[in-house]
Amino acid sequence: MYETAVVAPMHTFRLLMVRTVAVLATTTLLSALASLALPSLGLASLGWLLPALALTSTGVALTARLGPVLAPALVGGAWAALVALSRLLASGTPLPFTAEGQGGAAAVAVAATALLVAARDRFDSGALPGPSLRSSRTLRSAARRLS
Amino acid sequence: MTRPTVSAAGLTLSYRGTRAVDEVTLRLTEGVTGLLGPNGAGKTTLLRILATATVPDNGAFTVLGHDPSTVTGRQDARRVLGYLPQNPGFHPDFTAFEFVDYVAVLKELTDRRTRHAEARRVLDAVGLADVRGKRIRKLSGGMKQRVALAAALVGDPGFLVLDEPTVGLDPEQRMRFRELIAEAGEGRTVLLSTHQTEDVAMLCHRVVVMDQGRVRFDGTPAELTAVADGRVWRSAERQPGARAGWRTGTGEFRNVGDPPEGARLVEPTLEDGYLLALGGDPVAGVAA
């Protein structure tokens with residue numbers, strides 16, 4: 001079914017977003033419900049929401065340039081390193097779950113989403129890989145000679 | 001001369017240092033064009049380029065006037081083409097109707113009523129009206145191929161790309177599928193990749209032979225057969241100088257190539273012309 005979807009006129013980015021939003025909405029709802037099992041934490045139990053959004057948007061945005069394996073691997077690794085480092089350097093609430101951390105996560109989510117929208121054409125399988133414009137010009141001038 | 005519906009010039013694509021498609025130029029018109037070639041000839045790669053599934057390293061092409069080198073051109077081209085890949089792949093739990101309906105969504109048929117009517121239309125067209133609600137995993141190989149063809153026909157595309165659609169089908173299934181392709185070719189441009197010269201002989205008004213990424217022949221099936229005129233002969237023993245030779249059911253050998261003096265020449269077939277077209281320089285019949 002991959003190739004069938006690849007050559008469909010629906011923009012690959014749109015299809016990706018439909019699937020991402022569907023998964024995100026479902027997992028957010030389920031995880032929020034699971035958070036109710038931690039009543040002693042209060043609102044802090046929802047502190048994972050913004051970091052999760054930041055990680056997802058960053059991972060998807062980087063996928064446009066690094067591919068669907070390397071991008072999430074790097075993002076996941078960076079997150080694990082950040083949490084481990086924050087525990088080492090300070091006791092108490094880990095950095096991502098402090099007010100500053102939440103603000104940072106929100107900023108990363110916004111920035112990553114903007115990057116993602118700017119790079120949306122890269123998800124189209126027919127799009128040229130990398131930043132080269134030379135091939136685009138060659139193809140367009142050759143197409144003009146054809147018509 | 002009939003105006004071409006699909007034009008390609010100098011298409012080139014390399015994988016890991018190998019030129020899978022090497023300076024391919026061709027013009028397709030309405031009707032069924034056969035793309036013949038051995039494994040590794042570059043047929044699937046060429047089809048994937050023309051179906052906009054992959055981008056060539058060099059060259060350009062247009063599909064029904066749309067230039068896929070731009071984002072909007074690519075989307076416009078995809079709206080007028082249908083693609084049946086070599087390995088279609090299906091979600092195992094989809095019914096035939098659900099799969100075609102899903103493809104119709106991808107083809108931007110967002111209105112449910114219109115989309116369902118279209119799904120029923122294409123499934124009827126391929127003779128699967130009675131098994132619309134059946135899960136694809138329970139269908140025979142021939143029926144699965146017909147589901148894939150139905151999906152390719154959604155939206156009534158003007159350009160159909162079919163990659164070896166009759167592989168693995170028994171003779172009866174193949175015959176039925178050929179009939180569907182012949183019907184699909186009416187008023188439409190169809191590019192059919194196949195190993196089977198019988199498919200080309202029965203369906204195609206034109207044939208392109210590819211080998212090692214290059215076009216070796218481009219003309220009519222009759223012209224391809226004529227390539228072998230005077231170059232096919234029978235012998236009692238294997239002929240080492242023949243381009244190709246094989247033992248027939250009668251015990252004699254059929255040979256293709258440059259016949260020796262006094263050889264017993266026989267009437268050539270399309271397959272003989274195809275064998276001569278493989279390898280070496282392009283044979284007579286290649287369009288300038």
# chains A, B, ... in the order shown; residues from 1 in each chain; ligands from 1
>>> select_by_dssp(residues="stretch 3-127 of chain A", states="alpha helix (DSSP H)", output="PyMOL selection string")
chain A and resi 3-6+12-35+49-66+70-89+99-118
>>> interface_residues(of="chain B", to="chain A", cutoff="8 Å", atoms="only C-alpha atoms", output="ChimeraX atom specification")
/B:7-9,51-55,57-62,65,67,69-71,74-79,83-85,88-91,103,106-108
>>> write_last_selection(atoms="N, CA, C and O atoms", output="tab-separated table (two decimals), in the first residue's frame")
chain	number	residue	atom	x	y	z
B	7	SER	N	5.21	12.36	-22.47
B	7	SER	CA	6.48	12.57	-23.15
B	7	SER	C	7.61	12.53	-22.14
B	7	SER	O	7.52	13.17	-21.10
B	8	ALA	N	8.65	11.80	-22.47
B	8	ALA	CA	9.81	11.71	-21.58
B	8	ALA	C	11.07	11.91	-22.41
B	8	ALA	O	11.16	11.41	-23.54
B	9	ALA	N	12.04	12.64	-21.85
B	9	ALA	CA	13.28	12.90	-22.57
B	9	ALA	C	14.47	12.73	-21.64
B	9	ALA	O	14.54	13.37	-20.60
B	51	ALA	N	5.26	7.23	-12.86
B	51	ALA	CA	4.13	7.30	-11.91
B	51	ALA	C	4.38	8.32	-10.81
B	51	ALA	O	3.57	8.43	-9.89
B	52	THR	N	5.49	9.02	-10.89
B	52	THR	CA	5.91	10.06	-9.91
B	52	THR	C	6.20	9.48	-8.54
B	52	THR	O	6.16	10.20	-7.54
B	53	ALA	N	6.53	8.19	-8.47
B	53	ALA	CA	6.88	7.59	-7.18
B	53	ALA	C	8.35	7.85	-6.84
B	53	ALA	O	8.74	7.73	-5.68
B	54	THR	N	9.14	8.19	-7.85
B	54	THR	CA	10.53	8.50	-7.60
B	54	THR	C	10.99	9.57	-8.59
B	54	THR	O	10.37	9.74	-9.65
B	55	VAL	N	12.03	10.29	-8.22
B	55	VAL	CA	12.48	11.42	-9.05
B	55	VAL	C	13.70	11.01	-9.86
B	55	VAL	O	14.64	10.43	-9.30
B	57	ASP	N	17.31	11.35	-11.79
B	57	ASP	CA	18.50	12.18	-11.58
B	57	ASP	C	18.60	13.26	-12.66
B	57	ASP	O	19.07	14.37	-12.42
B	58	ASN	N	18.19	12.89	-13.87
B	58	ASN	CA	18.23	13.81	-15.00
B	58	ASN	C	17.08	13.52	-15.93
B	58	ASN	O	16.45	12.46	-15.87
B	59	GLY	N	16.83	14.47	-16.84
B	59	GLY	CA	15.75	14.28	-17.80
B	59	GLY	C	14.47	14.88	-17.28
B	59	GLY	O	14.40	15.39	-16.17
B	60	ALA	N	13.44	14.82	-18.11
B	60	ALA	CA	12.15	15.41	-17.75
B	60	ALA	C	11.04	14.66	-18.46
B	60	ALA	O	11.28	13.95	-19.44
B	61	PHE	N	9.86	14.80	-17.92
B	61	PHE	CA	8.71	14.19	-18.58
B	61	PHE	C	7.45	14.97	-18.24
B	61	PHE	O	7.42	15.72	-17.26
B	62	THR	N	6.44	14.83	-19.07
B	62	THR	CA	5.14	15.42	-18.79
B	62	THR	C	4.09	14.33	-18.90
B	62	THR	O	4.21	13.39	-19.69
B	65	GLY	N	0.22	16.77	-20.12
B	65	GLY	CA	0.47	18.21	-20.07
B	65	GLY	C	0.98	18.72	-18.74
B	65	GLY	O	1.29	19.90	-18.61
B	67	ASP	N	3.73	18.89	-15.62
B	67	ASP	CA	5.16	18.71	-15.39
B	67	ASP	C	5.40	18.35	-13.93
B	67	ASP	O	5.28	19.20	-13.05
B	69	SER	N	7.96	18.03	-12.20
B	69	SER	CA	9.17	18.53	-11.54
B	69	SER	C	8.84	19.62	-10.52
B	69	SER	O	9.70	20.02	-9.73
B	70	THR	N	7.62	20.12	-10.52
B	70	THR	CA	7.20	21.09	-9.50
B	70	THR	C	6.18	20.41	-8.59
B	70	THR	O	5.57	19.40	-8.96
B	71	VAL	N	5.99	20.98	-7.41
B	71	VAL	CA	5.07	20.37	-6.45
B	71	VAL	C	3.64	20.35	-7.00
B	71	VAL	O	2.97	19.32	-6.99
B	74	ARG	N	3.30	18.00	-9.91
B	74	ARG	CA	3.29	16.60	-9.48
B	74	ARG	C	1.91	16.21	-8.96
B	74	ARG	O	1.39	15.14	-9.27
B	75	GLN	N	1.31	17.09	-8.17
B	75	GLN	CA	-0.04	16.82	-7.66
B	75	GLN	C	-1.03	16.72	-8.83
B	75	GLN	O	-1.89	15.84	-8.84
B	76	ASP	N	-0.91	17.63	-9.81
B	76	ASP	CA	-1.80	17.60	-10.97
B	76	ASP	C	-1.61	16.32	-11.78
B	76	ASP	O	-2.58	15.72	-12.25
B	77	ALA	N	-0.35	15.91	-11.93
B	77	ALA	CA	-0.08	14.68	-12.68
B	77	ALA	C	-0.68	13.48	-11.95
B	77	ALA	O	-1.26	12.58	-12.56
B	78	ARG	N	-0.57	13.47	-10.63
B	78	ARG	CA	-1.09	12.35	-9.86
B	78	ARG	C	-2.60	12.27	-9.92
B	78	ARG	O	-3.18	11.19	-9.74
B	79	ARG	N	-3.24	13.40	-10.19
B	79	ARG	CA	-4.71	13.38	-10.29
B	79	ARG	C	-5.19	12.71	-11.56
B	79	ARG	O	-6.34	12.30	-11.64
B	83	TYR	N	-1.87	3.92	-10.83
B	83	TYR	CA	-0.66	3.10	-10.76
B	83	TYR	C	-0.97	1.76	-10.10
B	83	TYR	O	-1.55	1.71	-9.02
B	84	LEU	N	-0.59	0.69	-10.79
B	84	LEU	CA	-0.68	-0.65	-10.22
B	84	LEU	C	0.76	-1.12	-10.05
B	84	LEU	O	1.41	-1.52	-11.03
B	85	PRO	N	1.30	-1.06	-8.82
B	85	PRO	CA	2.71	-1.41	-8.63
B	85	PRO	C	2.94	-2.92	-8.73
B	85	PRO	O	1.99	-3.71	-8.72
B	88	PRO	N	1.39	-4.78	-5.08
B	88	PRO	CA	0.43	-3.78	-4.59
B	88	PRO	C	0.38	-3.69	-3.08
B	88	PRO	O	0.40	-2.61	-2.52
B	89	GLY	N	0.31	-4.79	-2.39
B	89	GLY	CA	0.22	-4.76	-0.93
B	89	GLY	C	-1.15	-4.32	-0.49
B	89	GLY	O	-1.72	-3.36	-1.02
B	90	PHE	N	-1.73	-5.04	0.43
B	90	PHE	CA	-3.05	-4.70	0.97
B	90	PHE	C	-3.02	-4.87	2.48
B	90	PHE	O	-2.31	-5.73	2.99
B	91	HIS	N	-3.80	-4.04	3.17
B	91	HIS	CA	-3.98	-4.30	4.60
B	91	HIS	C	-4.80	-5.59	4.71
B	91	HIS	O	-5.85	-5.69	4.07
B	103	VAL	N	-8.29	4.17	-1.08
B	103	VAL	CA	-7.53	4.76	-2.19
B	103	VAL	C	-8.28	5.97	-2.75
B	103	VAL	O	-7.69	6.98	-3.12
B	106	LEU	N	-7.47	8.89	-0.73
B	106	LEU	CA	-6.15	9.40	-1.09
B	106	LEU	C	-6.18	10.16	-2.41
B	106	LEU	O	-5.37	11.05	-2.66
B	107	LYS	N	-7.14	9.81	-3.25
B	107	LYS	CA	-7.29	10.50	-4.54
B	107	LYS	C	-8.24	11.69	-4.41
B	107	LYS	O	-8.77	12.18	-5.40
B	108	GLU	N	-8.46	12.11	-3.17
B	108	GLU	CA	-9.17	13.35	-2.86
B	108	GLU	C	-10.66	13.30	-3.16
B	108	GLU	O	-11.27	14.35	-3.37
>>> atom_distance(atom1="atom CA of B:Arg234", atom2="atom CA of B:Glu271")
15.3 Å
>>> select_by_dssp(residues="stretch 31-258 of chain B", states="strand (DSSP E or B)", output="PyMOL selection string")
chain B and resi 31-36+58-63+66+81-84+95+135+159-163+189-194+206-211+214-219+232-235+244-247+253-256
>>> residues_around(residues="B:Glu98", least_positions_apart="4", cutoff="10 Å", atoms="only C-alpha atoms", output="MDAnalysis selection string")
chainID B and resid 91 93:94 102:104 116 119 132:136
>>> decode(residues="stretch 87-101 of chain B", atoms="all heavy atoms", output="PDB file, in the first residue's frame")
ATOM      1  N   ASN B  87       4.161  -4.976  -6.582  1.00  0.00           N
ATOM      2  CA  ASN B  87       3.646  -5.641  -5.382  1.00  0.00           C
ATOM      3  C   ASN B  87       2.658  -4.704  -4.705  1.00  0.00           C
ATOM      4  O   ASN B  87       3.050  -3.905  -3.857  1.00  0.00           O
ATOM      5  CB  ASN B  87       4.788  -5.988  -4.423  1.00  0.00           C
ATOM      6  CG  ASN B  87       5.797  -6.917  -5.067  1.00  0.00           C
ATOM      7  OD1 ASN B  87       5.459  -8.030  -5.478  1.00  0.00           O
ATOM      8  ND2 ASN B  87       7.025  -6.465  -5.197  1.00  0.00           N
ATOM      9  N   PRO B  88       1.391  -4.784  -5.079  1.00  0.00           N
ATOM     10  CA  PRO B  88       0.434  -3.784  -4.592  1.00  0.00           C
ATOM     11  C   PRO B  88       0.377  -3.689  -3.078  1.00  0.00           C
ATOM     12  O   PRO B  88       0.401  -2.611  -2.524  1.00  0.00           O
ATOM     13  CB  PRO B  88      -0.903  -4.259  -5.152  1.00  0.00           C
ATOM     14  CG  PRO B  88      -0.586  -5.201  -6.237  1.00  0.00           C
ATOM     15  CD  PRO B  88       0.744  -5.796  -5.918  1.00  0.00           C
ATOM     16  N   GLY B  89       0.314  -4.794  -2.388  1.00  0.00           N
ATOM     17  CA  GLY B  89       0.222  -4.757  -0.932  1.00  0.00           C
ATOM     18  C   GLY B  89      -1.151  -4.319  -0.490  1.00  0.00           C
ATOM     19  O   GLY B  89      -1.719  -3.360  -1.018  1.00  0.00           O
ATOM     20  N   PHE B  90      -1.733  -5.044   0.434  1.00  0.00           N
ATOM     21  CA  PHE B  90      -3.048  -4.702   0.973  1.00  0.00           C
ATOM     22  C   PHE B  90      -3.019  -4.872   2.481  1.00  0.00           C
ATOM     23  O   PHE B  90      -2.311  -5.733   2.991  1.00  0.00           O
ATOM     24  CB  PHE B  90      -4.133  -5.645   0.421  1.00  0.00           C
ATOM     25  CG  PHE B  90      -4.186  -5.736  -1.073  1.00  0.00           C
ATOM     26  CD1 PHE B  90      -3.545  -6.770  -1.727  1.00  0.00           C
ATOM     27  CD2 PHE B  90      -4.880  -4.803  -1.812  1.00  0.00           C
ATOM     28  CE1 PHE B  90      -3.586  -6.871  -3.106  1.00  0.00           C
ATOM     29  CE2 PHE B  90      -4.931  -4.890  -3.196  1.00  0.00           C
ATOM     30  CZ  PHE B  90      -4.278  -5.924  -3.842  1.00  0.00           C
ATOM     31  N   HIS B  91      -3.798  -4.039   3.172  1.00  0.00           N
ATOM     32  CA  HIS B  91      -3.979  -4.301   4.597  1.00  0.00           C
ATOM     33  C   HIS B  91      -4.799  -5.586   4.708  1.00  0.00           C
ATOM     34  O   HIS B  91      -5.845  -5.694   4.069  1.00  0.00           O
ATOM     35  CB  HIS B  91      -4.708  -3.132   5.262  1.00  0.00           C
ATOM     36  CG  HIS B  91      -4.685  -3.216   6.752  1.00  0.00           C
ATOM     37  ND1 HIS B  91      -5.447  -4.119   7.466  1.00  0.00           N
ATOM     38  CD2 HIS B  91      -3.977  -2.534   7.675  1.00  0.00           C
ATOM     39  CE1 HIS B  91      -5.204  -3.978   8.746  1.00  0.00           C
ATOM     40  NE2 HIS B  91      -4.330  -3.022   8.913  1.00  0.00           N
ATOM     41  N   PRO B  92      -4.363  -6.562   5.476  1.00  0.00           N
ATOM     42  CA  PRO B  92      -5.016  -7.879   5.465  1.00  0.00           C
ATOM     43  C   PRO B  92      -6.481  -7.853   5.887  1.00  0.00           C
ATOM     44  O   PRO B  92      -7.260  -8.706   5.481  1.00  0.00           O
ATOM     45  CB  PRO B  92      -4.181  -8.707   6.448  1.00  0.00           C
ATOM     46  CG  PRO B  92      -3.440  -7.722   7.278  1.00  0.00           C
ATOM     47  CD  PRO B  92      -3.229  -6.521   6.413  1.00  0.00           C
ATOM     48  N   ASP B  93      -6.876  -6.863   6.684  1.00  0.00           N
ATOM     49  CA  ASP B  93      -8.258  -6.859   7.173  1.00  0.00           C
ATOM     50  C   ASP B  93      -9.206  -6.031   6.317  1.00  0.00           C
ATOM     51  O   ASP B  93     -10.400  -5.999   6.577  1.00  0.00           O
ATOM     52  CB  ASP B  93      -8.298  -6.339   8.619  1.00  0.00           C
ATOM     53  CG  ASP B  93      -7.654  -7.321   9.582  1.00  0.00           C
ATOM     54  OD1 ASP B  93      -7.690  -8.532   9.288  1.00  0.00           O
ATOM     55  OD2 ASP B  93      -7.109  -6.886  10.613  1.00  0.00           O
ATOM     56  N   PHE B  94      -8.689  -5.381   5.296  1.00  0.00           N
ATOM     57  CA  PHE B  94      -9.561  -4.601   4.421  1.00  0.00           C
ATOM     58  C   PHE B  94     -10.422  -5.528   3.579  1.00  0.00           C
ATOM     59  O   PHE B  94      -9.958  -6.554   3.099  1.00  0.00           O
ATOM     60  CB  PHE B  94      -8.738  -3.737   3.470  1.00  0.00           C
ATOM     61  CG  PHE B  94      -8.434  -2.352   3.971  1.00  0.00           C
ATOM     62  CD1 PHE B  94      -7.400  -1.613   3.408  1.00  0.00           C
ATOM     63  CD2 PHE B  94      -9.174  -1.755   4.961  1.00  0.00           C
ATOM     64  CE1 PHE B  94      -7.121  -0.328   3.841  1.00  0.00           C
ATOM     65  CE2 PHE B  94      -8.908  -0.476   5.407  1.00  0.00           C
ATOM     66  CZ  PHE B  94      -7.864   0.242   4.836  1.00  0.00           C
ATOM     67  N   THR B  95     -11.668  -5.111   3.354  1.00  0.00           N
ATOM     68  CA  THR B  95     -12.442  -5.760   2.305  1.00  0.00           C
ATOM     69  C   THR B  95     -12.067  -5.078   0.989  1.00  0.00           C
ATOM     70  O   THR B  95     -11.426  -4.014   0.995  1.00  0.00           O
ATOM     71  CB  THR B  95     -13.951  -5.598   2.535  1.00  0.00           C
ATOM     72  OG1 THR B  95     -14.270  -4.189   2.448  1.00  0.00           O
ATOM     73  CG2 THR B  95     -14.381  -6.145   3.889  1.00  0.00           C
ATOM     74  N   ALA B  96     -12.492  -5.682  -0.116  1.00  0.00           N
ATOM     75  CA  ALA B  96     -12.177  -5.091  -1.427  1.00  0.00           C
ATOM     76  C   ALA B  96     -12.741  -3.668  -1.490  1.00  0.00           C
ATOM     77  O   ALA B  96     -12.065  -2.737  -1.956  1.00  0.00           O
ATOM     78  CB  ALA B  96     -12.764  -5.959  -2.540  1.00  0.00           C
ATOM     79  N   PHE B  97     -13.951  -3.485  -1.004  1.00  0.00           N
ATOM     80  CA  PHE B  97     -14.584  -2.166  -1.054  1.00  0.00           C
ATOM     81  C   PHE B  97     -13.832  -1.176  -0.172  1.00  0.00           C
ATOM     82  O   PHE B  97     -13.581  -0.033  -0.575  1.00  0.00           O
ATOM     83  CB  PHE B  97     -16.042  -2.268  -0.597  1.00  0.00           C
ATOM     84  CG  PHE B  97     -16.788  -0.970  -0.682  1.00  0.00           C
ATOM     85  CD1 PHE B  97     -17.417  -0.589  -1.854  1.00  0.00           C
ATOM     86  CD2 PHE B  97     -16.836  -0.102   0.399  1.00  0.00           C
ATOM     87  CE1 PHE B  97     -18.097   0.617  -1.940  1.00  0.00           C
ATOM     88  CE2 PHE B  97     -17.508   1.104   0.320  1.00  0.00           C
ATOM     89  CZ  PHE B  97     -18.133   1.470  -0.856  1.00  0.00           C
ATOM     90  N   GLU B  98     -13.454  -1.599   1.033  1.00  0.00           N
ATOM     91  CA  GLU B  98     -12.765  -0.691   1.962  1.00  0.00           C
ATOM     92  C   GLU B  98     -11.426  -0.244   1.386  1.00  0.00           C
ATOM     93  O   GLU B  98     -11.042   0.919   1.529  1.00  0.00           O
ATOM     94  CB  GLU B  98     -12.563  -1.378   3.315  1.00  0.00           C
ATOM     95  CG  GLU B  98     -13.836  -1.493   4.139  1.00  0.00           C
ATOM     96  CD  GLU B  98     -13.684  -2.419   5.329  1.00  0.00           C
ATOM     97  OE1 GLU B  98     -12.662  -3.156   5.405  1.00  0.00           O
ATOM     98  OE2 GLU B  98     -14.598  -2.434   6.177  1.00  0.00           O
ATOM     99  N   PHE B  99     -10.712  -1.157   0.727  1.00  0.00           N
ATOM    100  CA  PHE B  99      -9.420  -0.790   0.161  1.00  0.00           C
ATOM    101  C   PHE B  99      -9.594   0.244  -0.950  1.00  0.00           C
ATOM    102  O   PHE B  99      -8.896   1.259  -0.990  1.00  0.00           O
ATOM    103  CB  PHE B  99      -8.700  -2.019  -0.385  1.00  0.00           C
ATOM    104  CG  PHE B  99      -7.408  -1.698  -1.073  1.00  0.00           C
ATOM    105  CD1 PHE B  99      -6.286  -1.330  -0.341  1.00  0.00           C
ATOM    106  CD2 PHE B  99      -7.309  -1.722  -2.458  1.00  0.00           C
ATOM    107  CE1 PHE B  99      -5.092  -1.006  -0.985  1.00  0.00           C
ATOM    108  CE2 PHE B  99      -6.133  -1.403  -3.100  1.00  0.00           C
ATOM    109  CZ  PHE B  99      -5.029  -1.044  -2.358  1.00  0.00           C
ATOM    110  N   VAL B 100     -10.531  -0.023  -1.846  1.00  0.00           N
ATOM    111  CA  VAL B 100     -10.753   0.915  -2.949  1.00  0.00           C
ATOM    112  C   VAL B 100     -11.266   2.256  -2.405  1.00  0.00           C
ATOM    113  O   VAL B 100     -10.894   3.324  -2.891  1.00  0.00           O
ATOM    114  CB  VAL B 100     -11.741   0.308  -3.971  1.00  0.00           C
ATOM    115  CG1 VAL B 100     -12.083   1.324  -5.054  1.00  0.00           C
ATOM    116  CG2 VAL B 100     -11.135  -0.936  -4.606  1.00  0.00           C
ATOM    117  N   ASP B 101     -12.098   2.190  -1.368  1.00  0.00           N
ATOM    118  CA  ASP B 101     -12.599   3.413  -0.742  1.00  0.00           C
ATOM    119  C   ASP B 101     -11.443   4.219  -0.131  1.00  0.00           C
ATOM    120  O   ASP B 101     -11.395   5.455  -0.248  1.00  0.00           O
ATOM    121  CB  ASP B 101     -13.614   3.045   0.343  1.00  0.00           C
ATOM    122  CG  ASP B 101     -14.322   4.262   0.916  1.00  0.00           C
ATOM    123  OD1 ASP B 101     -14.761   5.115   0.122  1.00  0.00           O
ATOM    124  OD2 ASP B 101     -14.443   4.352   2.152  1.00  0.00           O
TER     125      ASP B 101
END
